[in-house]
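**Q** Below is the structure I would like to discuss, written out as structure tokens.
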Amino acid sequence: MGTTFVNNWPGKTSIMGPELMMNIQNHALHAGCEFLPETVVRTDLSKKPFTIWTHRDKELTTDALIIATGSLPKKLNCPGEAEYWGKGVSSCAVCDAALYQDKKVVIIGGGDSAMEYVLALAKYTDHITVIHILDKLTAAPTLTQKILDFPTVKIMYSSTVSEIHGDNNHVTGITVTNQKDQTTTSLSTDGVFLAIGLRPNSGIVQDQLELDNLGYIKVTHNTHTSVDGVFAAGDVTDPRYRQAISSSGSGCMAALDAERYLSTLSLTQK
Ligand SMILES: Cc1cc2nc3c(=O)[nH]c(=O)nc-3n(C[C@H](O)[C@H](O)[C@H](O)COP(=O)(O)OP(=O)(O)OC[C@H]3O[C@@H](n4cnc5c(N)ncnc54)[C@H](O)[C@@H]3O)c2cc1C
């Protein structure tokens, strides 16, 4: 819902994010799915049936549960970021790189994701600036060297973006603040890519399911969590692929696994 053009959804050369989501929701409604516009605030997975509570104090019980709460990109929280989100500010270079053919882009971050963003964007443009808060890159050494060898990539160390500017429709530039002496520089750019990390939305199960050290839900056999009958799918389990099609694929696997689990349950209860 929070993006503009999606160019890598199979069967559609290009589709707007909200249109894609409405299509999927309508398809699910057609198949009999019920949607509750509520936020889950608490779960009890210690006994069956499982119980979940929503922010409107609704209590639901269920024999099987699929968690697909996604992840959220970490933000800069600087002026202009919210205003130009999806209008030049993005957290997904693989998704949006093709929109920046021969345009100026900045990538914020210095880890593996930032370096992968460089590789994704370099297929489309030579005007790439990496802005990193530390005085050296923190990505894997081979990846770092590959980026340092790029003749067209500029790197600004010990710096962060303190403001994003635009013309009301799209990003046009940024203010960069040097962390050592607090001096500021203006840079014109068409795109700002945040590669400062993602936070999986696993808070509602953090004390009940096994998570990895970054907070992603641990799964075995693709979708099985540490509690029998609870399945997880999509970005909340996946620090690696993080695409609409990969999360949809794992959602399909979770649905099939939950269905199989429920049929086994009904057989054992007969
Ligand atoms: C700016 C941007 C652009 C992108 N562009 C593309 C693209 O072009 N192509 C592509 O393939 N991928 C793209 N992606 C990545 C893609 O959006 C994700 O990989 C995909 O949406 C993950 O699907 P998901 O179902 O796992 O999670 P999400 O799509 O994040 O869905 C999780 C849902 O769970 C809800 N939720 C979370 N917590 C709770 C709770 N406690 N109670 C109830 N509901 C909850 C959320 O509100 C959300 O609706 C983009 C991502 C971003 C951020």
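Chains: A, B, ... in order of the structure tokens. Residues: from 1 per chain. Ligands: from 1, in order shown.
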Could you pull the residues within 12 Å of range 196-199 of chain A, counting only C-alpha atoms, minus those fewer than 2 positions along the same chain, as a PDB file with N, CA and C atoms, in the first residue's frame?
**A**
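The result, written out as part_32.pdb:
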ATOM      1  N   THR A  69       3.096 -10.577   9.572  1.00  0.00           N
ATOM      2  CA  THR A  69       3.013  -9.158   9.960  1.00  0.00           C
ATOM      3  C   THR A  69       4.083  -8.281   9.299  1.00  0.00           C
ATOM      4  N   GLY A  70       4.938  -8.869   8.464  1.00  0.00           N
ATOM      5  CA  GLY A  70       5.889  -8.058   7.689  1.00  0.00           C
ATOM      6  C   GLY A  70       6.979  -7.408   8.522  1.00  0.00           C
ATOM      7  N   SER A  71       7.606  -6.417   7.919  1.00  0.00           N
ATOM      8  CA  SER A  71       8.656  -5.679   8.635  1.00  0.00           C
ATOM      9  C   SER A  71       8.549  -4.214   8.221  1.00  0.00           C
ATOM     10  N   LEU A  72       9.152  -3.359   8.984  1.00  0.00           N
ATOM     11  CA  LEU A  72       9.117  -1.932   8.663  1.00  0.00           C
ATOM     12  C   LEU A  72      10.534  -1.411   8.507  1.00  0.00           C
ATOM     13  N   PRO A  73      10.763  -0.583   7.477  1.00  0.00           N
ATOM     14  CA  PRO A  73      12.115  -0.031   7.339  1.00  0.00           C
ATOM     15  C   PRO A  73      12.405   0.953   8.455  1.00  0.00           C
ATOM     16  N   LYS A  74      13.636   0.912   8.956  1.00  0.00           N
ATOM     17  CA  LYS A  74      14.038   1.940   9.923  1.00  0.00           C
ATOM     18  C   LYS A  74      14.116   3.265   9.192  1.00  0.00           C
ATOM     19  N   LYS A  75      13.735   4.317   9.858  1.00  0.00           N
ATOM     20  CA  LYS A  75      13.658   5.628   9.199  1.00  0.00           C
ATOM     21  C   LYS A  75      14.696   6.586   9.768  1.00  0.00           C
ATOM     22  N   LEU A  76      14.910   7.675   9.016  1.00  0.00           N
ATOM     23  CA  LEU A  76      15.825   8.726   9.471  1.00  0.00           C
ATOM     24  C   LEU A  76      15.138   9.665  10.459  1.00  0.00           C
ATOM     25  N   ASN A  77      13.801   9.782  10.290  1.00  0.00           N
ATOM     26  CA  ASN A  77      13.013  10.740  11.084  1.00  0.00           C
ATOM     27  C   ASN A  77      13.497  12.170  10.896  1.00  0.00           C
ATOM     28  N   SER A  90      12.692   5.900  -0.783  1.00  0.00           N
ATOM     29  CA  SER A  90      12.331   4.483  -0.867  1.00  0.00           C
ATOM     30  C   SER A  90      13.242   3.678   0.040  1.00  0.00           C
ATOM     31  N   SER A  91      12.769   2.494   0.408  1.00  0.00           N
ATOM     32  CA  SER A  91      13.654   1.613   1.178  1.00  0.00           C
ATOM     33  C   SER A  91      13.900   0.325   0.401  1.00  0.00           C
ATOM     34  N   CYS A  92      13.569   0.324  -0.889  1.00  0.00           N
ATOM     35  CA  CYS A  92      13.734  -0.908  -1.668  1.00  0.00           C
ATOM     36  C   CYS A  92      14.338  -0.600  -3.033  1.00  0.00           C
ATOM     37  N   ILE A 107      22.246   6.787  -1.554  1.00  0.00           N
ATOM     38  CA  ILE A 107      21.935   5.605  -0.750  1.00  0.00           C
ATOM     39  C   ILE A 107      22.450   5.896   0.654  1.00  0.00           C
ATOM     40  N   ILE A 108      21.588   5.703   1.642  1.00  0.00           N
ATOM     41  CA  ILE A 108      22.019   5.994   3.010  1.00  0.00           C
ATOM     42  C   ILE A 108      22.270   4.675   3.733  1.00  0.00           C
ATOM     43  N   GLY A 109      23.477   4.502   4.216  1.00  0.00           N
ATOM     44  CA  GLY A 109      23.866   3.261   4.891  1.00  0.00           C
ATOM     45  C   GLY A 109      25.228   2.833   4.402  1.00  0.00           C
ATOM     46  N   GLY A 110      25.832   1.872   5.107  1.00  0.00           N
ATOM     47  CA  GLY A 110      27.167   1.443   4.700  1.00  0.00           C
ATOM     48  C   GLY A 110      27.374  -0.046   4.875  1.00  0.00           C
ATOM     49  N   GLY A 111      26.262  -0.769   5.148  1.00  0.00           N
ATOM     50  CA  GLY A 111      26.348  -2.216   5.348  1.00  0.00           C
ATOM     51  C   GLY A 111      26.070  -2.979   4.069  1.00  0.00           C
ATOM     52  N   ASP A 112      25.820  -4.291   4.216  1.00  0.00           N
ATOM     53  CA  ASP A 112      25.588  -5.154   3.052  1.00  0.00           C
ATOM     54  C   ASP A 112      24.414  -4.657   2.199  1.00  0.00           C
ATOM     55  N   SER A 113      23.312  -4.250   2.866  1.00  0.00           N
ATOM     56  CA  SER A 113      22.135  -3.810   2.087  1.00  0.00           C
ATOM     57  C   SER A 113      22.491  -2.614   1.230  1.00  0.00           C
ATOM     58  N   ALA A 114      23.207  -1.650   1.819  1.00  0.00           N
ATOM     59  CA  ALA A 114      23.577  -0.442   1.061  1.00  0.00           C
ATOM     60  C   ALA A 114      24.410  -0.813  -0.161  1.00  0.00           C
ATOM     61  N   MET A 115      25.324  -1.762   0.015  1.00  0.00           N
ATOM     62  CA  MET A 115      26.185  -2.159  -1.113  1.00  0.00           C
ATOM     63  C   MET A 115      25.363  -2.872  -2.186  1.00  0.00           C
ATOM     64  N   TYR A 117      22.265  -2.262  -2.734  1.00  0.00           N
ATOM     65  CA  TYR A 117      21.500  -1.178  -3.387  1.00  0.00           C
ATOM     66  C   TYR A 117      22.362  -0.533  -4.480  1.00  0.00           C
ATOM     67  N   VAL A 130      26.846   7.369  -1.920  1.00  0.00           N
ATOM     68  CA  VAL A 130      26.542   6.632  -0.684  1.00  0.00           C
ATOM     69  C   VAL A 130      26.860   7.555   0.488  1.00  0.00           C
ATOM     70  N   ILE A 131      25.921   7.660   1.426  1.00  0.00           N
ATOM     71  CA  ILE A 131      26.150   8.509   2.604  1.00  0.00           C
ATOM     72  C   ILE A 131      26.139   7.603   3.829  1.00  0.00           C
ATOM     73  N   HIS A 132      27.255   7.598   4.530  1.00  0.00           N
ATOM     74  CA  HIS A 132      27.395   6.653   5.648  1.00  0.00           C
ATOM     75  C   HIS A 132      27.787   7.401   6.916  1.00  0.00           C
ATOM     76  N   ILE A 133      27.155   7.013   8.011  1.00  0.00           N
ATOM     77  CA  ILE A 133      27.347   7.739   9.277  1.00  0.00           C
ATOM     78  C   ILE A 133      28.731   7.473   9.901  1.00  0.00           C
ATOM     79  N   THR A 138      30.721  -0.866   6.493  1.00  0.00           N
ATOM     80  CA  THR A 138      30.671  -2.021   7.400  1.00  0.00           C
ATOM     81  C   THR A 138      30.177  -3.291   6.689  1.00  0.00           C
ATOM     82  N   ALA A 139      30.064  -3.232   5.373  1.00  0.00           N
ATOM     83  CA  ALA A 139      29.619  -4.416   4.613  1.00  0.00           C
ATOM     84  C   ALA A 139      30.740  -5.457   4.573  1.00  0.00           C
ATOM     85  N   THR A 160      25.325  12.239   7.610  1.00  0.00           N
ATOM     86  CA  THR A 160      23.949  11.749   7.595  1.00  0.00           C
ATOM     87  C   THR A 160      23.063  12.768   6.895  1.00  0.00           C
ATOM     88  N   VAL A 161      21.877  12.313   6.502  1.00  0.00           N
ATOM     89  CA  VAL A 161      20.950  13.226   5.829  1.00  0.00           C
ATOM     90  C   VAL A 161      20.077  13.880   6.892  1.00  0.00           C
ATOM     91  N   VAL A 192      16.239   9.000  -2.897  1.00  0.00           N
ATOM     92  CA  VAL A 192      16.929   8.758  -1.625  1.00  0.00           C
ATOM     93  C   VAL A 192      16.552   7.346  -1.188  1.00  0.00           C
ATOM     94  N   PHE A 193      17.542   6.468  -1.111  1.00  0.00           N
ATOM     95  CA  PHE A 193      17.279   5.077  -0.737  1.00  0.00           C
ATOM     96  C   PHE A 193      17.810   4.804   0.670  1.00  0.00           C
ATOM     97  N   LEU A 194      16.913   4.393   1.549  1.00  0.00           N
ATOM     98  CA  LEU A 194      17.326   4.111   2.922  1.00  0.00           C
ATOM     99  C   LEU A 194      17.742   2.652   3.037  1.00  0.00           C
ATOM    100  N   ASN A 201       8.085  -7.094  12.348  1.00  0.00           N
ATOM    101  CA  ASN A 201       6.969  -6.843  13.274  1.00  0.00           C
ATOM    102  C   ASN A 201       6.626  -8.118  14.043  1.00  0.00           C
ATOM    103  N   SER A 202       7.523  -8.496  14.944  1.00  0.00           N
ATOM    104  CA  SER A 202       7.312  -9.750  15.686  1.00  0.00           C
ATOM    105  C   SER A 202       7.025  -9.506  17.162  1.00  0.00           C
ATOM    106  N   GLY A 203       6.775  -8.254  17.511  1.00  0.00           N
ATOM    107  CA  GLY A 203       6.566  -7.907  18.935  1.00  0.00           C
ATOM    108  C   GLY A 203       5.435  -8.685  19.586  1.00  0.00           C
ATOM    109  N   ASN A 213      18.387 -13.398  16.250  1.00  0.00           N
ATOM    110  CA  ASN A 213      18.928 -12.267  17.006  1.00  0.00           C
ATOM    111  C   ASN A 213      18.490 -10.898  16.472  1.00  0.00           C
ATOM    112  N   LEU A 214      17.892 -10.870  15.258  1.00  0.00           N
ATOM    113  CA  LEU A 214      17.386  -9.594  14.726  1.00  0.00           C
ATOM    114  C   LEU A 214      15.884  -9.453  14.914  1.00  0.00           C
ATOM    115  N   GLY A 215      15.266 -10.492  15.508  1.00  0.00           N
ATOM    116  CA  GLY A 215      13.820 -10.407  15.767  1.00  0.00           C
ATOM    117  C   GLY A 215      12.952 -11.073  14.714  1.00  0.00           C
ATOM    118  N   TYR A 216      13.573 -11.713  13.692  1.00  0.00           N
ATOM    119  CA  TYR A 216      12.773 -12.437  12.694  1.00  0.00           C
ATOM    120  C   TYR A 216      12.289 -13.753  13.304  1.00  0.00           C
ATOM    121  N   ILE A 217      11.048 -14.163  12.961  1.00  0.00           N
ATOM    122  CA  ILE A 217      10.512 -15.422  13.483  1.00  0.00           C
ATOM    123  C   ILE A 217      11.267 -16.578  12.819  1.00  0.00           C
ATOM    124  N   ASP A 235       7.852 -11.360   5.107  1.00  0.00           N
ATOM    125  CA  ASP A 235       9.013 -10.591   5.565  1.00  0.00           C
ATOM    126  C   ASP A 235       9.312 -10.733   7.056  1.00  0.00           C
ATOM    127  N   VAL A 236       8.308 -11.138   7.857  1.00  0.00           N
ATOM    128  CA  VAL A 236       8.569 -11.269   9.300  1.00  0.00           C
ATOM    129  C   VAL A 236       9.480 -12.462   9.584  1.00  0.00           C
ATOM    130  N   THR A 237       9.668 -13.317   8.550  1.00  0.00           N
ATOM    131  CA  THR A 237      10.570 -14.474   8.704  1.00  0.00           C
ATOM    132  C   THR A 237      11.818 -14.322   7.840  1.00  0.00           C
ATOM    133  N   ASP A 238      11.876 -13.258   7.025  1.00  0.00           N
ATOM    134  CA  ASP A 238      12.797 -13.271   5.887  1.00  0.00           C
ATOM    135  C   ASP A 238      13.683 -12.025   5.780  1.00  0.00           C
ATOM    136  N   PRO A 239      14.901 -12.081   6.300  1.00  0.00           N
ATOM    137  CA  PRO A 239      15.788 -10.926   6.125  1.00  0.00           C
ATOM    138  C   PRO A 239      16.466 -10.907   4.759  1.00  0.00           C
ATOM    139  N   ARG A 240      16.211 -11.909   3.906  1.00  0.00           N
ATOM    140  CA  ARG A 240      17.007 -12.076   2.691  1.00  0.00           C
ATOM    141  C   ARG A 240      16.326 -11.616   1.404  1.00  0.00           C
ATOM    142  N   ARG A 242      12.741 -10.564   0.730  1.00  0.00           N
ATOM    143  CA  ARG A 242      11.956  -9.356   0.984  1.00  0.00           C
ATOM    144  C   ARG A 242      11.284  -8.768  -0.252  1.00  0.00           C
TER     145      ARG A 242
END
**Q** Write out as number ranges by chain the set of residues from range 54-151 of chain A that DSSP, computed on the backbone, places in strand (DSSP E).
**A** A: 54, 59-62, 65-67, 71-73, 89-90, 104-108, 127-131
**Q** Extract, using only C-alpha atoms, all DNA, RNA and protein residues at most 8 Å from Ile174 in chain A, discarding same-chain residues fewer than 5 positions from it, and format them as a PDB file with N, CA, C and O atoms, in the first residue's frame.
**A**
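Once written, out-v3.pdb looks like this:
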ATOM      1  N   VAL A 161      21.877  12.313   6.502  1.00  0.00           N
ATOM      2  CA  VAL A 161      20.950  13.226   5.829  1.00  0.00           C
ATOM      3  C   VAL A 161      20.077  13.880   6.892  1.00  0.00           C
ATOM      4  O   VAL A 161      19.408  13.191   7.661  1.00  0.00           O
ATOM      5  N   SER A 162      20.105  15.198   6.952  1.00  0.00           N
ATOM      6  CA  SER A 162      19.337  15.877   7.995  1.00  0.00           C
ATOM      7  C   SER A 162      18.049  16.486   7.460  1.00  0.00           C
ATOM      8  O   SER A 162      17.168  16.854   8.238  1.00  0.00           O
ATOM      9  N   GLU A 163      17.907  16.594   6.143  1.00  0.00           N
ATOM     10  CA  GLU A 163      16.646  17.084   5.585  1.00  0.00           C
ATOM     11  C   GLU A 163      16.505  16.617   4.138  1.00  0.00           C
ATOM     12  O   GLU A 163      17.494  16.527   3.399  1.00  0.00           O
ATOM     13  N   ILE A 164      15.268  16.312   3.751  1.00  0.00           N
ATOM     14  CA  ILE A 164      14.985  15.934   2.356  1.00  0.00           C
ATOM     15  C   ILE A 164      14.091  17.019   1.767  1.00  0.00           C
ATOM     16  O   ILE A 164      13.100  17.418   2.389  1.00  0.00           O
ATOM     17  N   HIS A 165      14.471  17.513   0.604  1.00  0.00           N
ATOM     18  CA  HIS A 165      13.716  18.603  -0.025  1.00  0.00           C
ATOM     19  C   HIS A 165      13.029  18.098  -1.293  1.00  0.00           C
ATOM     20  O   HIS A 165      13.460  17.118  -1.886  1.00  0.00           O
ATOM     21  N   SER A 186      24.511  20.952   0.664  1.00  0.00           N
ATOM     22  CA  SER A 186      23.291  20.662  -0.106  1.00  0.00           C
ATOM     23  C   SER A 186      23.662  19.814  -1.311  1.00  0.00           C
ATOM     24  O   SER A 186      24.679  20.075  -1.961  1.00  0.00           O
ATOM     25  N   LEU A 187      22.832  18.826  -1.593  1.00  0.00           N
ATOM     26  CA  LEU A 187      23.101  17.919  -2.715  1.00  0.00           C
ATOM     27  C   LEU A 187      21.821  17.772  -3.510  1.00  0.00           C
ATOM     28  O   LEU A 187      20.762  17.523  -2.918  1.00  0.00           O
ATOM     29  N   SER A 188      21.892  17.935  -4.834  1.00  0.00           N
ATOM     30  CA  SER A 188      20.659  17.703  -5.587  1.00  0.00           C
ATOM     31  C   SER A 188      20.587  16.210  -5.932  1.00  0.00           C
ATOM     32  O   SER A 188      21.592  15.571  -6.251  1.00  0.00           O
ATOM     33  N   THR A 189      19.388  15.660  -5.799  1.00  0.00           N
ATOM     34  CA  THR A 189      19.195  14.236  -6.080  1.00  0.00           C
ATOM     35  C   THR A 189      17.745  13.976  -6.458  1.00  0.00           C
ATOM     36  O   THR A 189      16.846  14.731  -6.071  1.00  0.00           O
TER      37      THR A 189
END
**Q** So, counting only C-alpha atoms and all ligand atoms, which residue among A:Gly166, A:Pro18, A:Gly11, A:Gly234 is closest to ligand 1?
**A**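 Closest to ligand 1 of all the choices is A:Gly234.
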**Q** Which one of A:His55, A:Lys154, A:Lys123, A:Lys136 sits closest to ligand 1 if you count only C-alpha atoms and all ligand atoms?
**A**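 Of A:His55, A:Lys154, A:Lys123, A:Lys136, the one nearest ligand 1 is A:His55, counting only C-alpha atoms and all ligand atoms.
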**Q** Pick out the residues sitting within 7 Å of Thr43 in chain A, and hand them over as a JSON list (two decimals) with all heavy atoms, in the first residue's frame; count only C-alpha atoms, and ignore anything fewer than 5 positions along from it in its own chain.
**A**
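Wrote out10.json, looks like this:
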[["chain", "number", "residue", "atom", "x", "y", "z"],
["A", 51, "THR", "N", -5.15, -17.90, 21.55],
["A", 51, "THR", "CA", -6.01, -16.71, 21.72],
["A", 51, "THR", "C", -5.26, -15.48, 21.24],
["A", 51, "THR", "O", -4.05, -15.34, 21.49],
["A", 51, "THR", "CB", -6.39, -16.52, 23.21],
["A", 51, "THR", "OG1", -6.87, -17.76, 23.70],
["A", 51, "THR", "CG2", -7.48, -15.45, 23.37],
["A", 52, "ILE", "N", -5.99, -14.61, 20.54],
["A", 52, "ILE", "CA", -5.40, -13.31, 20.18],
["A", 52, "ILE", "C", -6.37, -12.19, 20.57],
["A", 52, "ILE", "O", -7.59, -12.38, 20.55],
["A", 52, "ILE", "CB", -5.01, -13.21, 18.68],
["A", 52, "ILE", "CG1", -6.22, -13.30, 17.77],
["A", 52, "ILE", "CG2", -4.02, -14.28, 18.28],
["A", 52, "ILE", "CD1", -5.83, -13.12, 16.31],
["A", 53, "TRP", "N", -5.81, -11.06, 20.97],
["A", 53, "TRP", "CA", -6.60, -9.91, 21.37],
["A", 53, "TRP", "C", -6.26, -8.72, 20.46],
["A", 53, "TRP", "O", -5.09, -8.53, 20.11],
["A", 53, "TRP", "CB", -6.28, -9.50, 22.80],
["A", 53, "TRP", "CG", -6.76, -10.49, 23.83],
["A", 53, "TRP", "CD1", -7.97, -10.48, 24.47],
["A", 53, "TRP", "CD2", -6.04, -11.61, 24.35],
["A", 53, "TRP", "NE1", -8.05, -11.53, 25.36],
["A", 53, "TRP", "CE2", -6.88, -12.25, 25.30],
["A", 53, "TRP", "CE3", -4.79, -12.18, 24.10],
["A", 53, "TRP", "CZ2", -6.49, -13.39, 26.00],
["A", 53, "TRP", "CZ3", -4.41, -13.31, 24.80],
["A", 53, "TRP", "CH2", -5.26, -13.91, 25.73],
["A", 204, "ILE", "N", 4.36, -8.96, 18.83],
["A", 204, "ILE", "CA", 3.20, -9.63, 19.45],
["A", 204, "ILE", "C", 3.47, -11.09, 19.80],
["A", 204, "ILE", "O", 2.66, -11.71, 20.49],
["A", 204, "ILE", "CB", 1.93, -9.54, 18.56],
["A", 204, "ILE", "CG1", 2.24, -9.98, 17.14],
["A", 204, "ILE", "CG2", 1.30, -8.15, 18.61],
["A", 204, "ILE", "CD1", 1.01, -10.25, 16.29],
["A", 205, "VAL", "N", 4.57, -11.64, 19.33],
["A", 205, "VAL", "CA", 4.88, -13.05, 19.66],
["A", 205, "VAL", "C", 6.29, -13.19, 20.24],
["A", 205, "VAL", "O", 6.79, -14.30, 20.38],
["A", 205, "VAL", "CB", 4.74, -13.96, 18.42],
["A", 205, "VAL", "CG1", 3.31, -14.06, 17.97],
["A", 205, "VAL", "CG2", 5.63, -13.48, 17.27]]
**Q** Excluding Phe5 in chain A and residues on its chain fewer than 4 positions from it, collect all residues at most 10 Å away from it, counting only C-alpha atoms, and give them as a ChimeraX atom specification.
**A** /A:13-20,86,95-96,99
**Q** Deliver the residues from the most recent selection as a file, using C-alpha atoms, as a CSV table (one decimal), in the first residue's frame.
**A**
chain,number,residue,atom,x,y,z
A,13,THR,CA,4.6,-5.2,-16.4
A,14,SER,CA,3.8,-2.4,-14.0
A,15,ILE,CA,1.1,-1.9,-11.4
A,16,MET,CA,0.5,0.7,-8.6
A,17,GLY,CA,1.1,-0.8,-5.1
A,18,PRO,CA,-2.4,0.1,-3.8
A,19,GLU,CA,-4.1,-1.3,-6.9
A,20,LEU,CA,-2.2,-4.6,-6.5
A,86,GLY,CA,7.1,6.9,-2.2
A,95,CYS,CA,12.0,-2.7,-6.4
A,96,ASP,CA,12.5,0.9,-7.6
A,99,LEU,CA,12.6,4.3,-12.1
**Q** Would you mind reading off the distance between CA of Asn222 in chain A and CA of Glu59 in chain A, one decimal, in Å?
**A** 28.5 Å
**Q** Just checking: using only C-alpha atoms, which residue out of A:Ser247, A:Ser46, A:Thr184, A:Ser159 ends up closest to Asp207 in chain A?
**A** A:Ser46
**Q** Select from range 89-129 of chain A everything DSSP, run on the backbone, classes as helix (DSSP H, G or I), then give the selection as a ChimeraX atom specification.
**A** /A:93-100,112-122
**Q** Atoms to include: all heavy atoms. Write the selected residues as a compact mmCIF listing (two decimals), in the first residue's frame.
**A**
# COMPACT_ATOMS: atom_id res chain seq x y z
N ALA A 93 15.67 -0.75 -3.15
CA ALA A 93 16.34 -0.44 -4.42
C ALA A 93 16.01 -1.47 -5.50
O ALA A 93 15.84 -1.12 -6.67
CB ALA A 93 17.84 -0.35 -4.22
N VAL A 94 15.92 -2.75 -5.10
CA VAL A 94 15.60 -3.78 -6.09
C VAL A 94 14.26 -3.45 -6.75
O VAL A 94 14.08 -3.60 -7.96
CB VAL A 94 15.54 -5.18 -5.42
CG1 VAL A 94 15.11 -6.25 -6.40
CG2 VAL A 94 16.89 -5.53 -4.83
N CYS A 95 13.31 -2.96 -5.90
CA CYS A 95 11.96 -2.66 -6.42
C CYS A 95 11.96 -1.42 -7.31
O CYS A 95 11.27 -1.38 -8.33
CB CYS A 95 10.99 -2.38 -5.27
SG CYS A 95 11.17 -3.44 -3.86
N ASP A 96 12.68 -0.38 -6.92
CA ASP A 96 12.49 0.93 -7.55
C ASP A 96 13.63 1.37 -8.47
O ASP A 96 13.53 2.42 -9.10
CB ASP A 96 12.30 2.01 -6.46
CG ASP A 96 11.00 1.80 -5.70
OD1 ASP A 96 10.14 1.08 -6.22
OD2 ASP A 96 10.85 2.34 -4.60
N ALA A 97 14.71 0.59 -8.55
CA ALA A 97 15.90 1.03 -9.31
C ALA A 97 15.56 1.45 -10.74
O ALA A 97 16.06 2.46 -11.23
CB ALA A 97 16.95 -0.08 -9.31
N ALA A 98 14.68 0.69 -11.40
CA ALA A 98 14.39 0.95 -12.82
C ALA A 98 13.76 2.33 -13.05
O ALA A 98 13.78 2.84 -14.17
CB ALA A 98 13.47 -0.14 -13.36
N LEU A 99 13.23 2.92 -11.99
CA LEU A 99 12.61 4.25 -12.13
C LEU A 99 13.67 5.36 -12.19
O LEU A 99 13.36 6.51 -12.40
CB LEU A 99 11.67 4.54 -10.95
CG LEU A 99 10.59 3.49 -10.65
CD1 LEU A 99 9.85 3.82 -9.36
CD2 LEU A 99 9.61 3.40 -11.81
N TYR A 100 14.94 4.99 -11.95
CA TYR A 100 16.00 6.00 -11.82
C TYR A 100 17.05 5.93 -12.92
O TYR A 100 18.21 6.21 -12.69
CB TYR A 100 16.62 5.92 -10.41
CG TYR A 100 15.61 6.37 -9.38
CD1 TYR A 100 14.72 5.47 -8.82
CD2 TYR A 100 15.49 7.71 -9.04
CE1 TYR A 100 13.74 5.89 -7.94
CE2 TYR A 100 14.52 8.15 -8.15
CZ TYR A 100 13.65 7.22 -7.61
OH TYR A 100 12.68 7.66 -6.73
N ASP A 112 25.82 -4.29 4.22
CA ASP A 112 25.59 -5.15 3.05
C ASP A 112 24.41 -4.66 2.20
O ASP A 112 24.50 -4.65 0.97
CB ASP A 112 25.29 -6.59 3.50
CG ASP A 112 26.54 -7.28 4.00
OD1 ASP A 112 27.64 -6.72 3.84
OD2 ASP A 112 26.43 -8.38 4.55
N SER A 113 23.31 -4.25 2.87
CA SER A 113 22.14 -3.81 2.09
C SER A 113 22.49 -2.61 1.23
O SER A 113 22.13 -2.54 0.05
CB SER A 113 20.99 -3.42 3.00
OG SER A 113 20.54 -4.52 3.69
N ALA A 114 23.21 -1.65 1.82
CA ALA A 114 23.58 -0.44 1.06
C ALA A 114 24.41 -0.81 -0.16
O ALA A 114 24.22 -0.27 -1.26
CB ALA A 114 24.33 0.52 1.97
N MET A 115 25.32 -1.76 0.01
CA MET A 115 26.18 -2.16 -1.11
C MET A 115 25.36 -2.87 -2.19
O MET A 115 25.57 -2.70 -3.38
CB MET A 115 27.32 -3.08 -0.63
CG MET A 115 28.23 -2.47 0.42
SD MET A 115 28.96 -0.90 -0.06
CE MET A 115 27.99 0.29 0.83
N GLU A 116 24.38 -3.68 -1.73
CA GLU A 116 23.51 -4.34 -2.71
C GLU A 116 22.64 -3.32 -3.44
O GLU A 116 22.34 -3.47 -4.62
CB GLU A 116 22.65 -5.41 -2.03
CG GLU A 116 23.46 -6.69 -1.86
CD GLU A 116 22.86 -7.68 -0.90
OE1 GLU A 116 21.69 -7.52 -0.55
OE2 GLU A 116 23.59 -8.62 -0.51
N TYR A 117 22.27 -2.26 -2.73
CA TYR A 117 21.50 -1.18 -3.39
C TYR A 117 22.36 -0.53 -4.48
O TYR A 117 21.86 -0.19 -5.55
CB TYR A 117 21.10 -0.10 -2.37
CG TYR A 117 19.94 -0.46 -1.48
CD1 TYR A 117 19.55 -1.78 -1.27
CD2 TYR A 117 19.22 0.53 -0.82
CE1 TYR A 117 18.49 -2.08 -0.44
CE2 TYR A 117 18.16 0.23 0.01
CZ TYR A 117 17.80 -1.08 0.19
OH TYR A 117 16.75 -1.38 1.01
N VAL A 118 23.66 -0.36 -4.20
CA VAL A 118 24.55 0.22 -5.22
C VAL A 118 24.53 -0.66 -6.46
O VAL A 118 24.37 -0.18 -7.59
CB VAL A 118 26.00 0.36 -4.69
CG1 VAL A 118 26.93 0.79 -5.82
CG2 VAL A 118 26.08 1.35 -3.54
N LEU A 119 24.66 -1.98 -6.25
CA LEU A 119 24.70 -2.90 -7.39
C LEU A 119 23.39 -2.84 -8.17
O LEU A 119 23.39 -2.85 -9.41
CB LEU A 119 24.98 -4.34 -6.93
CG LEU A 119 26.33 -4.55 -6.24
CD1 LEU A 119 26.47 -5.99 -5.77
CD2 LEU A 119 27.48 -4.19 -7.17
N ALA A 120 22.26 -2.75 -7.45
CA ALA A 120 20.95 -2.70 -8.13
C ALA A 120 20.81 -1.40 -8.93
O ALA A 120 20.36 -1.41 -10.08
CB ALA A 120 19.84 -2.81 -7.10
N LEU A 121 21.24 -0.29 -8.33
CA LEU A 121 21.05 1.02 -8.99
C LEU A 121 22.07 1.27 -10.10
O LEU A 121 21.77 1.97 -11.07
CB LEU A 121 21.11 2.13 -7.94
CG LEU A 121 19.81 2.23 -7.11
CD1 LEU A 121 20.06 2.84 -5.74
CD2 LEU A 121 18.75 3.04 -7.87
N ALA A 122 23.27 0.68 -9.95
CA ALA A 122 24.33 0.92 -10.94
C ALA A 122 23.97 0.37 -12.32
O ALA A 122 24.56 0.76 -13.32
CB ALA A 122 25.64 0.30 -10.45
**Q** With only C-alpha atoms and all ligand atoms as the atoms that count, which of A:Gly173, A:Gly229, A:Pro151, A:Gly249 lies nearest to ligand 1?
**A**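 Once distances to ligand 1 are computed over only C-alpha atoms and all ligand atoms, the minimum belongs to A:Gly249.
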